[in-house]
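See below for start_29.pdb, which holds PDB, C-alpha atoms, pLDDT in the B column.
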```pdb
ATOM      1  CA  MET A   1     -77.508 -23.419-111.016  1.00 52.00           C
ATOM      2  CA  ASN A   2     -74.097 -23.773-109.401  1.00 53.00           C
ATOM      3  CA  THR A   3     -73.763 -25.944-106.370  1.00 53.00           C
ATOM      4  CA  HIS A   4     -71.017 -25.812-103.765  1.00 55.00           C
ATOM      5  CA  LYS A   5     -69.814 -28.910-102.048  1.00 56.00           C
ATOM      6  CA  ILE A   6     -68.898 -28.360 -98.384  1.00 55.00           C
ATOM      7  CA  ILE A   7     -65.794 -30.253 -97.353  1.00 53.00           C
ATOM      8  CA  SER A   8     -65.273 -30.930 -93.652  1.00 55.00           C
ATOM      9  CA  TRP A   9     -61.848 -31.119 -91.993  1.00 49.00           C
ATOM     10  CA  THR A  10     -62.302 -34.847 -91.555  1.00 55.00           C
ATOM     11  CA  GLN A  11     -62.359 -35.287 -95.337  1.00 57.00           C
ATOM     12  CA  LEU A  12     -59.043 -33.509 -95.922  1.00 55.00           C
ATOM     13  CA  PRO A  13     -55.728 -35.375 -96.098  1.00 65.00           C
ATOM     14  CA  LEU A  14     -53.765 -35.388 -92.858  1.00 63.00           C
ATOM     15  CA  SER A  15     -50.714 -33.913 -94.584  1.00 63.00           C
ATOM     16  CA  TYR A  16     -52.768 -30.943 -95.765  1.00 60.00           C
ATOM     17  CA  ILE A  17     -54.110 -30.257 -92.283  1.00 57.00           C
ATOM     18  CA  LEU A  18     -50.601 -30.370 -90.769  1.00 58.00           C
ATOM     19  CA  PHE A  19     -49.315 -28.005 -93.468  1.00 58.00           C
ATOM     20  CA  VAL A  20     -52.054 -25.456 -92.689  1.00 57.00           C
ATOM     21  CA  ILE A  21     -51.383 -25.649 -88.934  1.00 59.00           C
ATOM     22  CA  LEU A  22     -47.634 -25.188 -89.366  1.00 58.00           C
ATOM     23  CA  PHE A  23     -48.144 -22.337 -91.821  1.00 59.00           C
ATOM     24  CA  ILE A  24     -50.411 -20.484 -89.382  1.00 58.00           C
ATOM     25  CA  ALA A  25     -48.131 -21.099 -86.390  1.00 56.00           C
ATOM     26  CA  CYS A  26     -44.941 -19.947 -88.075  1.00 56.00           C
ATOM     27  CA  THR A  27     -45.112 -16.174 -87.892  1.00 59.00           C
ATOM     28  CA  ASP A  28     -42.643 -13.527 -86.790  1.00 63.00           C
ATOM     29  CA  SER A  29     -45.498 -11.411 -85.421  1.00 61.00           C
ATOM     30  CA  PHE A  30     -46.584 -13.868 -82.739  1.00 59.00           C
ATOM     31  CA  GLU A  31     -45.172 -11.762 -79.886  1.00 65.00           C
ATOM     32  CA  GLY A  32     -46.783  -8.629 -81.290  1.00 63.00           C
ATOM     33  CA  TYR A  33     -50.163 -10.297 -81.554  1.00 57.00           C
ATOM     34  CA  ASN A  34     -49.949 -11.275 -77.892  1.00 65.00           C
ATOM     35  CA  THR A  35     -48.778  -7.918 -76.560  1.00 65.00           C
ATOM     36  CA  ASN A  36     -51.297  -5.444 -75.217  1.00 65.00           C
ATOM     37  CA  LYS A  37     -50.437  -2.172 -76.961  1.00 61.00           C
ATOM     38  CA  HIS A  38     -52.521  -0.232 -74.445  1.00 56.00           C
ATOM     39  CA  GLU A  39     -50.636  -1.512 -71.403  1.00 53.00           C
ATOM     40  CA  ALA A  40     -47.545   0.117 -69.922  1.00 53.00           C
ATOM     41  CA  THR A  41     -44.362  -1.885 -70.399  1.00 54.00           C
ATOM     42  CA  GLU A  42     -41.738  -2.547 -67.719  1.00 54.00           C
ATOM     43  CA  GLU A  43     -39.490   0.029 -69.393  1.00 54.00           C
ATOM     44  CA  MET A  44     -42.249   2.632 -69.193  1.00 49.00           C
ATOM     45  CA  MET A  45     -42.899   1.832 -65.532  1.00 49.00           C
ATOM     46  CA  GLU A  46     -39.246   2.382 -64.660  1.00 56.00           C
ATOM     47  CA  ALA A  47     -39.273   5.915 -66.063  1.00 50.00           C
ATOM     48  CA  ASP A  48     -39.531   8.683 -63.449  1.00 62.00           C
ATOM     49  CA  ASP A  49     -39.810   6.085 -60.663  1.00 78.00           C
ATOM     50  CA  LEU A  50     -43.370   5.369 -61.802  1.00 85.00           C
ATOM     51  CA  LYS A  51     -43.383   1.751 -60.693  1.00 83.00           C
ATOM     52  CA  THR A  52     -41.814   2.377 -57.305  1.00 92.00           C
ATOM     53  CA  GLY A  53     -43.784   5.565 -56.785  1.00 93.00           C
ATOM     54  CA  SER A  54     -47.140   3.963 -57.498  1.00 92.00           C
ATOM     55  CA  PHE A  55     -46.460   1.324 -54.856  1.00 95.00           C
ATOM     56  CA  PHE A  56     -45.366   4.003 -52.388  1.00 95.00           C
ATOM     57  CA  THR A  57     -48.533   6.041 -52.906  1.00 94.00           C
ATOM     58  CA  GLN A  58     -50.552   2.866 -52.448  1.00 93.00           C
ATOM     59  CA  MET A  59     -48.852   2.262 -49.099  1.00 95.00           C
ATOM     60  CA  GLN A  60     -49.542   5.792 -47.875  1.00 93.00           C
ATOM     61  CA  LYS A  61     -53.189   5.671 -48.838  1.00 90.00           C
ATOM     62  CA  ASN A  62     -53.733   2.493 -46.862  1.00 89.00           C
ATOM     63  CA  VAL A  63     -52.109   3.478 -43.567  1.00 88.00           C
ATOM     64  CA  VAL A  64     -55.474   4.729 -42.326  1.00 79.00           C
ATOM     65  CA  LEU A  65     -57.527   3.516 -45.310  1.00 65.00           C
ATOM     66  CA  PHE A  66     -58.133   6.663 -47.313  1.00 54.00           C
ATOM     67  CA  LYS A  67     -61.341   7.045 -49.265  1.00 51.00           C
ATOM     68  CA  ASP A  68     -59.519   6.197 -52.495  1.00 49.00           C
ATOM     69  CA  GLY A  69     -57.175   3.655 -50.908  1.00 46.00           C
ATOM     70  CA  GLY A  70     -57.695   1.116 -53.632  1.00 49.00           C
ATOM     71  CA  GLY A  71     -61.093  -0.384 -53.033  1.00 50.00           C
ATOM     72  CA  ASN A  72     -64.556   0.415 -54.313  1.00 45.00           C
ATOM     73  CA  GLU A  73     -65.787   1.550 -50.924  1.00 51.00           C
ATOM     74  CA  SER A  74     -66.390   5.221 -50.255  1.00 54.00           C
ATOM     75  CA  SER A  75     -66.147   4.794 -46.466  1.00 70.00           C
ATOM     76  CA  ASP A  76     -63.094   2.625 -45.795  1.00 74.00           C
ATOM     77  CA  TYR A  77     -61.960   4.572 -42.754  1.00 78.00           C
ATOM     78  CA  GLN A  78     -65.465   4.810 -41.301  1.00 80.00           C
ATOM     79  CA  VAL A  79     -65.966   1.051 -41.592  1.00 79.00           C
ATOM     80  CA  ALA A  80     -62.497   0.034 -40.411  1.00 80.00           C
ATOM     81  CA  GLN A  81     -62.088   2.574 -37.610  1.00 82.00           C
ATOM     82  CA  GLY A  82     -65.176   4.573 -36.714  1.00 82.00           C
ATOM     83  CA  LEU A  83     -67.708   1.757 -36.900  1.00 83.00           C
ATOM     84  CA  SER A  84     -65.370  -0.814 -35.356  1.00 83.00           C
ATOM     85  CA  SER A  85     -62.629   0.158 -32.896  1.00 82.00           C
ATOM     86  CA  ASP A  86     -64.088   3.564 -32.028  1.00 85.00           C
ATOM     87  CA  LEU A  87     -67.508   2.090 -31.281  1.00 83.00           C
ATOM     88  CA  PHE A  88     -66.077  -0.771 -29.244  1.00 80.00           C
ATOM     89  CA  SER A  89     -63.861   1.522 -27.150  1.00 82.00           C
ATOM     90  CA  GLY A  90     -66.631   4.036 -26.559  1.00 84.00           C
ATOM     91  CA  TYR A  91     -65.055   6.961 -28.417  1.00 88.00           C
ATOM     92  CA  ILE A  92     -68.266   7.395 -30.369  1.00 85.00           C
ATOM     93  CA  ALA A  93     -71.812   6.078 -30.055  1.00 84.00           C
ATOM     94  CA  PRO A  94     -74.417   5.425 -32.767  1.00 80.00           C
ATOM     95  CA  THR A  95     -77.727   7.242 -33.030  1.00 78.00           C
ATOM     96  CA  GLY A  96     -80.803   6.342 -35.025  1.00 71.00           C
ATOM     97  CA  THR A  97     -81.961   2.942 -36.195  1.00 78.00           C
ATOM     98  CA  TRP A  98     -79.783   2.457 -39.263  1.00 78.00           C
ATOM     99  CA  TYR A  99     -78.930  -1.165 -40.057  1.00 80.00           C
ATOM    100  CA  SER A 100     -82.067  -2.013 -38.061  1.00 83.00           C
ATOM    101  CA  GLY A 101     -80.091  -1.191 -34.940  1.00 81.00           C
ATOM    102  CA  SER A 102     -78.142  -4.433 -35.237  1.00 83.00           C
ATOM    103  CA  HIS A 103     -74.497  -3.579 -35.774  1.00 83.00           C
ATOM    104  CA  ASN A 104     -71.203  -2.963 -33.975  1.00 83.00           C
ATOM    105  CA  GLY A 105     -72.770  -0.111 -32.007  1.00 82.00           C
ATOM    106  CA  SER A 106     -75.145  -2.557 -30.345  1.00 82.00           C
ATOM    107  CA  TYR A 107     -72.317  -5.116 -29.943  1.00 82.00           C
ATOM    108  CA  ASN A 108     -73.653  -7.303 -32.739  1.00 83.00           C
ATOM    109  CA  PHE A 109     -70.344  -7.135 -34.557  1.00 82.00           C
ATOM    110  CA  ILE A 110     -70.315  -7.278 -38.331  1.00 84.00           C
ATOM    111  CA  THR A 111     -67.337  -9.333 -39.494  1.00 85.00           C
ATOM    112  CA  GLY A 112     -67.003  -7.459 -42.771  1.00 82.00           C
ATOM    113  CA  TRP A 113     -66.437  -4.228 -40.863  1.00 82.00           C
ATOM    114  CA  ILE A 114     -64.071  -5.533 -38.216  1.00 82.00           C
ATOM    115  CA  GLU A 115     -61.749  -7.341 -40.630  1.00 86.00           C
ATOM    116  CA  GLN A 116     -61.114  -4.263 -42.799  1.00 85.00           C
ATOM    117  CA  SER A 117     -58.220  -2.953 -40.703  1.00 87.00           C
ATOM    118  CA  PHE A 118     -56.536  -6.364 -40.945  1.00 91.00           C
ATOM    119  CA  THR A 119     -57.125  -7.543 -44.501  1.00 89.00           C
ATOM    120  CA  LYS A 120     -56.463  -4.275 -46.319  1.00 88.00           C
ATOM    121  CA  PRO A 121     -53.067  -3.489 -44.786  1.00 92.00           C
ATOM    122  CA  PHE A 122     -51.985  -7.063 -45.503  1.00 93.00           C
ATOM    123  CA  SER A 123     -53.264  -6.946 -49.077  1.00 92.00           C
ATOM    124  CA  ARG A 124     -52.224  -3.387 -49.974  1.00 92.00           C
ATOM    125  CA  VAL A 125     -49.394  -2.246 -47.697  1.00 95.00           C
ATOM    126  CA  MET A 126     -47.246  -5.336 -47.213  1.00 96.00           C
ATOM    127  CA  PRO A 127     -47.104  -6.497 -50.882  1.00 95.00           C
ATOM    128  CA  ALA A 128     -46.341  -2.932 -52.023  1.00 96.00           C
ATOM    129  CA  TRP A 129     -43.530  -2.659 -49.455  1.00 97.00           C
ATOM    130  CA  GLN A 130     -42.106  -5.974 -50.640  1.00 95.00           C
ATOM    131  CA  GLU A 131     -42.026  -4.786 -54.259  1.00 95.00           C
ATOM    132  CA  ILE A 132     -40.438  -1.454 -53.339  1.00 96.00           C
ATOM    133  CA  VAL A 133     -37.668  -3.148 -51.360  1.00 96.00           C
ATOM    134  CA  LYS A 134     -37.024  -5.518 -54.249  1.00 94.00           C
ATOM    135  CA  ILE A 135     -36.760  -2.694 -56.789  1.00 94.00           C
ATOM    136  CA  ALA A 136     -34.688  -0.520 -54.431  1.00 94.00           C
ATOM    137  CA  ASN A 137     -32.200  -3.332 -53.860  1.00 94.00           C
ATOM    138  CA  GLU A 138     -31.912  -4.009 -57.585  1.00 93.00           C
ATOM    139  CA  HIS A 139     -31.108  -0.351 -58.270  1.00 91.00           C
ATOM    140  CA  GLN A 140     -29.029   0.180 -55.102  1.00 93.00           C
ATOM    141  CA  ARG A 141     -31.296   2.870 -53.656  1.00 94.00           C
ATOM    142  CA  PRO A 142     -31.542   1.990 -49.950  1.00 96.00           C
ATOM    143  CA  GLN A 143     -33.153   5.333 -49.096  1.00 96.00           C
ATOM    144  CA  ILE A 144     -36.309   4.302 -50.948  1.00 97.00           C
ATOM    145  CA  ALA A 145     -36.501   0.976 -49.125  1.00 97.00           C
ATOM    146  CA  ALA A 146     -35.941   2.782 -45.824  1.00 97.00           C
ATOM    147  CA  LEU A 147     -38.731   5.249 -46.513  1.00 97.00           C
ATOM    148  CA  ALA A 148     -41.120   2.440 -47.441  1.00 97.00           C
ATOM    149  CA  THR A 149     -40.212   0.593 -44.240  1.00 98.00           C
ATOM    150  CA  VAL A 150     -41.162   3.602 -42.122  1.00 98.00           C
ATOM    151  CA  ILE A 151     -44.577   3.643 -43.798  1.00 97.00           C
ATOM    152  CA  LYS A 152     -44.916  -0.093 -43.265  1.00 97.00           C
ATOM    153  CA  VAL A 153     -44.256   0.199 -39.527  1.00 98.00           C
ATOM    154  CA  GLU A 154     -46.707   3.087 -39.274  1.00 97.00           C
ATOM    155  CA  ALA A 155     -49.417   1.022 -40.964  1.00 95.00           C
ATOM    156  CA  MET A 156     -48.780  -2.315 -39.308  1.00 97.00           C
ATOM    157  CA  HIS A 157     -48.475  -1.086 -35.732  1.00 96.00           C
ATOM    158  CA  ARG A 158     -52.144  -0.143 -36.025  1.00 93.00           C
ATOM    159  CA  VAL A 159     -52.900  -3.719 -37.017  1.00 94.00           C
ATOM    160  CA  THR A 160     -51.057  -5.408 -34.163  1.00 96.00           C
ATOM    161  CA  ASP A 161     -52.478  -2.906 -31.663  1.00 93.00           C
ATOM    162  CA  ALA A 162     -55.953  -3.954 -32.767  1.00 90.00           C
ATOM    163  CA  TYR A 163     -55.437  -7.700 -33.241  1.00 92.00           C
ATOM    164  CA  GLY A 164     -52.404  -8.641 -31.151  1.00 95.00           C
ATOM    165  CA  PRO A 165     -50.345 -11.415 -32.815  1.00 97.00           C
ATOM    166  CA  ILE A 166     -49.948 -11.008 -36.580  1.00 96.00           C
ATOM    167  CA  PRO A 167     -47.906 -12.819 -39.285  1.00 95.00           C
ATOM    168  CA  TYR A 168     -45.260 -10.140 -39.684  1.00 96.00           C
ATOM    169  CA  ILE A 169     -41.613 -11.041 -39.111  1.00 94.00           C
ATOM    170  CA  ASN A 170     -41.281 -13.683 -41.836  1.00 91.00           C
ATOM    171  CA  TYR A 171     -43.657 -12.042 -44.298  1.00 89.00           C
ATOM    172  CA  GLY A 172     -42.459 -12.554 -47.856  1.00 77.00           C
ATOM    173  CA  SER A 173     -40.135 -15.423 -46.973  1.00 75.00           C
ATOM    174  CA  GLY A 174     -41.723 -17.605 -49.637  1.00 72.00           C
ATOM    175  CA  SER A 175     -43.021 -20.126 -47.138  1.00 72.00           C
ATOM    176  CA  LEU A 176     -46.489 -21.530 -47.741  1.00 69.00           C
ATOM    177  CA  SER A 177     -47.263 -20.987 -44.073  1.00 74.00           C
ATOM    178  CA  ASN A 178     -46.445 -17.933 -42.000  1.00 80.00           C
ATOM    179  CA  ASN A 179     -46.766 -18.259 -38.240  1.00 89.00           C
ATOM    180  CA  TYR A 180     -48.313 -15.512 -36.161  1.00 94.00           C
ATOM    181  CA  ASP A 181     -45.747 -13.574 -34.142  1.00 96.00           C
ATOM    182  CA  SER A 182     -46.486 -12.357 -30.640  1.00 96.00           C
ATOM    183  CA  GLN A 183     -47.037  -8.641 -30.212  1.00 96.00           C
ATOM    184  CA  GLU A 184     -43.837  -8.472 -28.180  1.00 96.00           C
ATOM    185  CA  GLU A 185     -41.858  -9.940 -31.089  1.00 97.00           C
ATOM    186  CA  VAL A 186     -43.600  -7.680 -33.602  1.00 98.00           C
ATOM    187  CA  TYR A 187     -42.842  -4.540 -31.602  1.00 98.00           C
ATOM    188  CA  LYS A 188     -39.192  -5.473 -31.222  1.00 97.00           C
ATOM    189  CA  LYS A 189     -39.075  -5.968 -34.985  1.00 97.00           C
ATOM    190  CA  PHE A 190     -40.654  -2.527 -35.441  1.00 98.00           C
ATOM    191  CA  PHE A 191     -37.885  -0.926 -33.387  1.00 98.00           C
ATOM    192  CA  GLU A 192     -35.218  -2.843 -35.299  1.00 97.00           C
ATOM    193  CA  GLU A 193     -36.649  -1.744 -38.649  1.00 98.00           C
ATOM    194  CA  LEU A 194     -36.963   1.871 -37.539  1.00 97.00           C
ATOM    195  CA  ASP A 195     -33.342   1.872 -36.320  1.00 97.00           C
ATOM    196  CA  GLU A 196     -32.119   0.722 -39.720  1.00 97.00           C
ATOM    197  CA  ALA A 197     -34.432   3.027 -41.679  1.00 97.00           C
ATOM    198  CA  ILE A 198     -33.540   6.102 -39.631  1.00 97.00           C
ATOM    199  CA  ASP A 199     -29.811   5.418 -40.017  1.00 96.00           C
ATOM    200  CA  VAL A 200     -30.162   5.089 -43.792  1.00 97.00           C
ATOM    201  CA  LEU A 201     -32.331   8.197 -44.140  1.00 96.00           C
ATOM    202  CA  THR A 202     -30.073  10.234 -41.846  1.00 95.00           C
ATOM    203  CA  ASP A 203     -27.001   9.312 -43.886  1.00 96.00           C
ATOM    204  CA  TYR A 204     -28.897  10.194 -47.059  1.00 96.00           C
ATOM    205  CA  VAL A 205     -29.825  13.620 -45.689  1.00 94.00           C
ATOM    206  CA  HIS A 206     -26.239  14.330 -44.657  1.00 94.00           C
ATOM    207  CA  GLY A 207     -24.917  13.341 -48.068  1.00 93.00           C
ATOM    208  CA  ASN A 208     -27.723  14.970 -50.050  1.00 89.00           C
ATOM    209  CA  PRO A 209     -29.025  17.954 -48.039  1.00 87.00           C
ATOM    210  CA  SER A 210     -31.393  19.256 -50.710  1.00 86.00           C
ATOM    211  CA  ALA A 211     -32.357  15.953 -52.357  1.00 87.00           C
ATOM    212  CA  THR A 212     -35.828  14.460 -52.157  1.00 93.00           C
ATOM    213  CA  ILE A 213     -37.126  10.894 -52.288  1.00 94.00           C
ATOM    214  CA  LEU A 214     -40.066   9.997 -54.557  1.00 94.00           C
ATOM    215  CA  GLU A 215     -41.161  13.638 -54.497  1.00 94.00           C
ATOM    216  CA  ASP A 216     -43.925  13.216 -57.082  1.00 94.00           C
ATOM    217  CA  TYR A 217     -45.510  10.318 -55.200  1.00 95.00           C
ATOM    218  CA  ASP A 218     -45.157  11.379 -51.566  1.00 95.00           C
ATOM    219  CA  LEU A 219     -48.546  12.651 -50.382  1.00 94.00           C
ATOM    220  CA  VAL A 220     -47.254  13.740 -46.965  1.00 94.00           C
ATOM    221  CA  TYR A 221     -43.874  15.518 -47.164  1.00 96.00           C
ATOM    222  CA  SER A 222     -43.305  15.700 -50.932  1.00 95.00           C
ATOM    223  CA  GLY A 223     -40.129  13.654 -50.597  1.00 95.00           C
ATOM    224  CA  ASP A 224     -38.488  15.790 -47.890  1.00 96.00           C
ATOM    225  CA  ALA A 225     -36.144  13.247 -46.288  1.00 95.00           C
ATOM    226  CA  THR A 226     -35.382  15.466 -43.295  1.00 95.00           C
ATOM    227  CA  LYS A 227     -39.052  15.551 -42.344  1.00 96.00           C
ATOM    228  CA  TRP A 228     -39.281  11.797 -42.770  1.00 96.00           C
ATOM    229  CA  VAL A 229     -36.409  11.300 -40.327  1.00 96.00           C
ATOM    230  CA  LYS A 230     -38.290  13.420 -37.784  1.00 96.00           C
ATOM    231  CA  PHE A 231     -41.460  11.465 -38.440  1.00 97.00           C
ATOM    232  CA  ALA A 232     -39.674   8.139 -38.012  1.00 97.00           C
ATOM    233  CA  ASN A 233     -38.233   9.276 -34.683  1.00 96.00           C
ATOM    234  CA  THR A 234     -41.659  10.468 -33.572  1.00 96.00           C
ATOM    235  CA  LEU A 235     -43.090   7.099 -34.556  1.00 97.00           C
ATOM    236  CA  ARG A 236     -40.387   5.368 -32.533  1.00 97.00           C
ATOM    237  CA  LEU A 237     -41.346   7.465 -29.494  1.00 96.00           C
ATOM    238  CA  ARG A 238     -44.996   6.610 -30.000  1.00 97.00           C
ATOM    239  CA  LEU A 239     -44.212   2.891 -30.052  1.00 97.00           C
ATOM    240  CA  ALA A 240     -41.992   3.288 -26.986  1.00 97.00           C
ATOM    241  CA  LEU A 241     -44.914   4.829 -25.107  1.00 96.00           C
ATOM    242  CA  ARG A 242     -47.098   1.917 -26.156  1.00 96.00           C
ATOM    243  CA  VAL A 243     -44.790  -0.602 -24.436  1.00 96.00           C
ATOM    244  CA  ARG A 244     -43.909   1.452 -21.359  1.00 95.00           C
ATOM    245  CA  PHE A 245     -45.936  -0.793 -19.034  1.00 96.00           C
ATOM    246  CA  ALA A 246     -45.187  -4.113 -20.731  1.00 95.00           C
ATOM    247  CA  ASP A 247     -41.436  -3.504 -21.035  1.00 96.00           C
ATOM    248  CA  PRO A 248     -40.276  -0.322 -19.261  1.00 96.00           C
ATOM    249  CA  SER A 249     -36.582  -0.855 -20.008  1.00 96.00           C
ATOM    250  CA  LEU A 250     -37.234  -1.272 -23.731  1.00 96.00           C
ATOM    251  CA  ALA A 251     -39.436   1.808 -23.776  1.00 96.00           C
ATOM    252  CA  GLU A 252     -36.754   3.874 -22.047  1.00 95.00           C
ATOM    253  CA  ALA A 253     -33.996   2.641 -24.350  1.00 95.00           C
ATOM    254  CA  GLU A 254     -35.989   3.430 -27.496  1.00 95.00           C
ATOM    255  CA  ALA A 255     -37.072   6.836 -26.221  1.00 94.00           C
ATOM    256  CA  LYS A 256     -33.463   7.819 -25.463  1.00 92.00           C
ATOM    257  CA  LYS A 257     -32.426   7.077 -29.057  1.00 91.00           C
ATOM    258  CA  ILE A 258     -34.397  10.065 -30.269  1.00 81.00           C
ATOM    259  CA  SER A 259     -32.012  12.526 -28.626  1.00 61.00           C
ATOM    260  CA  ARG A 260     -28.970  11.073 -30.397  1.00 57.00           C
TER
END
```
Take the structure from the file and write it as structure tokens.
Amino acid sequence: MNTHKIISWTQLPLSYILFVILFIACTDSFEGYNTNKHEATEEMMEADDLKTGSFFTQMQKNVVLFKDGGGNESSDYQVAQGLSSDLFSGYIAPTGTWYSGSHNGSYNFITGWIEQSFTKPFSRVMPAWQEIVKIANEHQRPQIAALATVIKVEAMHRVTDAYGPIPYINYGSGSLSNNYDSQEEVYKKFFEELDEAIDVLTDYVHGNPSATILEDYDLVYSGDATKWVKFANTLRLRLALRVRFADPSLAEAEAKKISR
């Protein structure tokens, strides 16, 4: 009967062990072994504006927290708006005894509901905007950055209207801490950003009358830049109306810009 002697690594010469390690490590296929063949590459993501477009769609879906805005919840808008702000302000009232009657409708506020309209815009809208601006600057396409900025203002004005001060102006600066800006400062930044975005989009429309921006990814106007200019001006008027009592002169100045 044959017997086999089992040799452990500790019984092998050190030189032999080193040779085996070096032989295994030295391979030209190392990068291939560590590349996921089922994952899209950066080159693939740049084709047809896929990378930029996916971020833009993400921003749009999270302005008012669409059902498929990126989370697993099937009732994002209901939780963030209907069961929070709308209940608190008296726009709607609960019926029945769901949640044992202890919820926002009975002024026993559920933190997980209330924080939705703050955490999701900051985790889904702002990072996506930052990436779009970065890509747009790299490829010298200011119209895309401008369009994304309009969406950002639309989303974030809802946040500051609900929470007041928010960390907005220096977002993405790279600082480990980001101070909260007063609502007055945030609104003035909104107007500044809209001014710049509208100028860029208006120039783009004049130079490219029939051109579209991110047509395949725009869920609202299918890339129609002319309609986006109108929307941005309407948004500016809406924000001007919001500050008419706090700063009448600012509200008047911003409202007059629309007729230019």
Query - Non-local contacts of A:Glu115 (12 Å; all atoms listed in the file; under 6 positions in same chain excluded) as a PyMOL selection string - result: chain A and resi 76+79-81+83-85+109+121-123+159+162-163
Report summary line: Here atom CA of A:Thr119 and atom CA of A:Lys134 stand apart by 22.4 Å
Report task. Identify all residues satisfying the PyMOL selection byres ((chain A and resi 148) around 10) in the given file; provide them as a ChimeraX atom specification. Result -> /A:52,55-57,59-60,125-126,128-133,136,142-147,149-154,197
Requested in this report: Grab the atom CA of A:Thr202 to atom CA of A:Gly53 distance for me, in Å with one decimal place.
Outcome: 20.8 Å
Query - Selection as a list in words: residues within 6 Å of (-35.5, 11.0, -52.1), counting only C-alpha atoms - result: Ala211, Thr212, Ile213, Leu214 and Gly223 of chain A
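Our summary of the geometry notes that atom CA of A:Thr234 is positioned 24.8 Å from atom CA of A:Pro127.
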Taking all atoms of stretch 135-145 of chain A that appear in the file, build a box with edges along x, y and z, extend it by 3 Å on every side, and state its centre and edge lengths in Å to one decimal, as AutoDock Vina command-line options.
```
--center_x -32.9 --center_y 0.7 --center_z -53.7 --size_x 13.7 --size_y 15.3 --size_z 15.2
```
Requested in this report: List the residues matched by the PyMOL selection byres ((chain A and resi 166) around 6) in the displayed structure as a ChimeraX atom specification, ordered by chain and then by residue number.
Outcome: /A:165,167-168,180-181
Requested in this report: With a distance cut-off of 8 Å and all atoms listed in the file, select the neighbouring residues of stretch 235-241 of chain A, excluding the residue or stretch itself and same-chain residues fewer than 4 positions from it, and output the selection as a VMD selection string.
Outcome: chain A and resid 154 187 191 194 231 250 to 252 254 to 255 258
Query - Resolved residues for the PyMOL selection byres ((chain A and resi 205) around 12) as a PyMOL selection string - result: chain A and resi 143+198-204+206-213+223-230
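The residue set within 8 Å of stretch 88-91 of chain A, counting all atoms listed in the file and dropping same-chain residues fewer than 4 places from it, reads Ser84, Asn104, Gly105 and Tyr107 of chain A.
With only C-alpha atoms as the atoms that count, the minimum distance from A:Asn62 to the choices A:Arg158, A:Arg124, A:Arg141, A:Lys189 is reached by A:Arg124.
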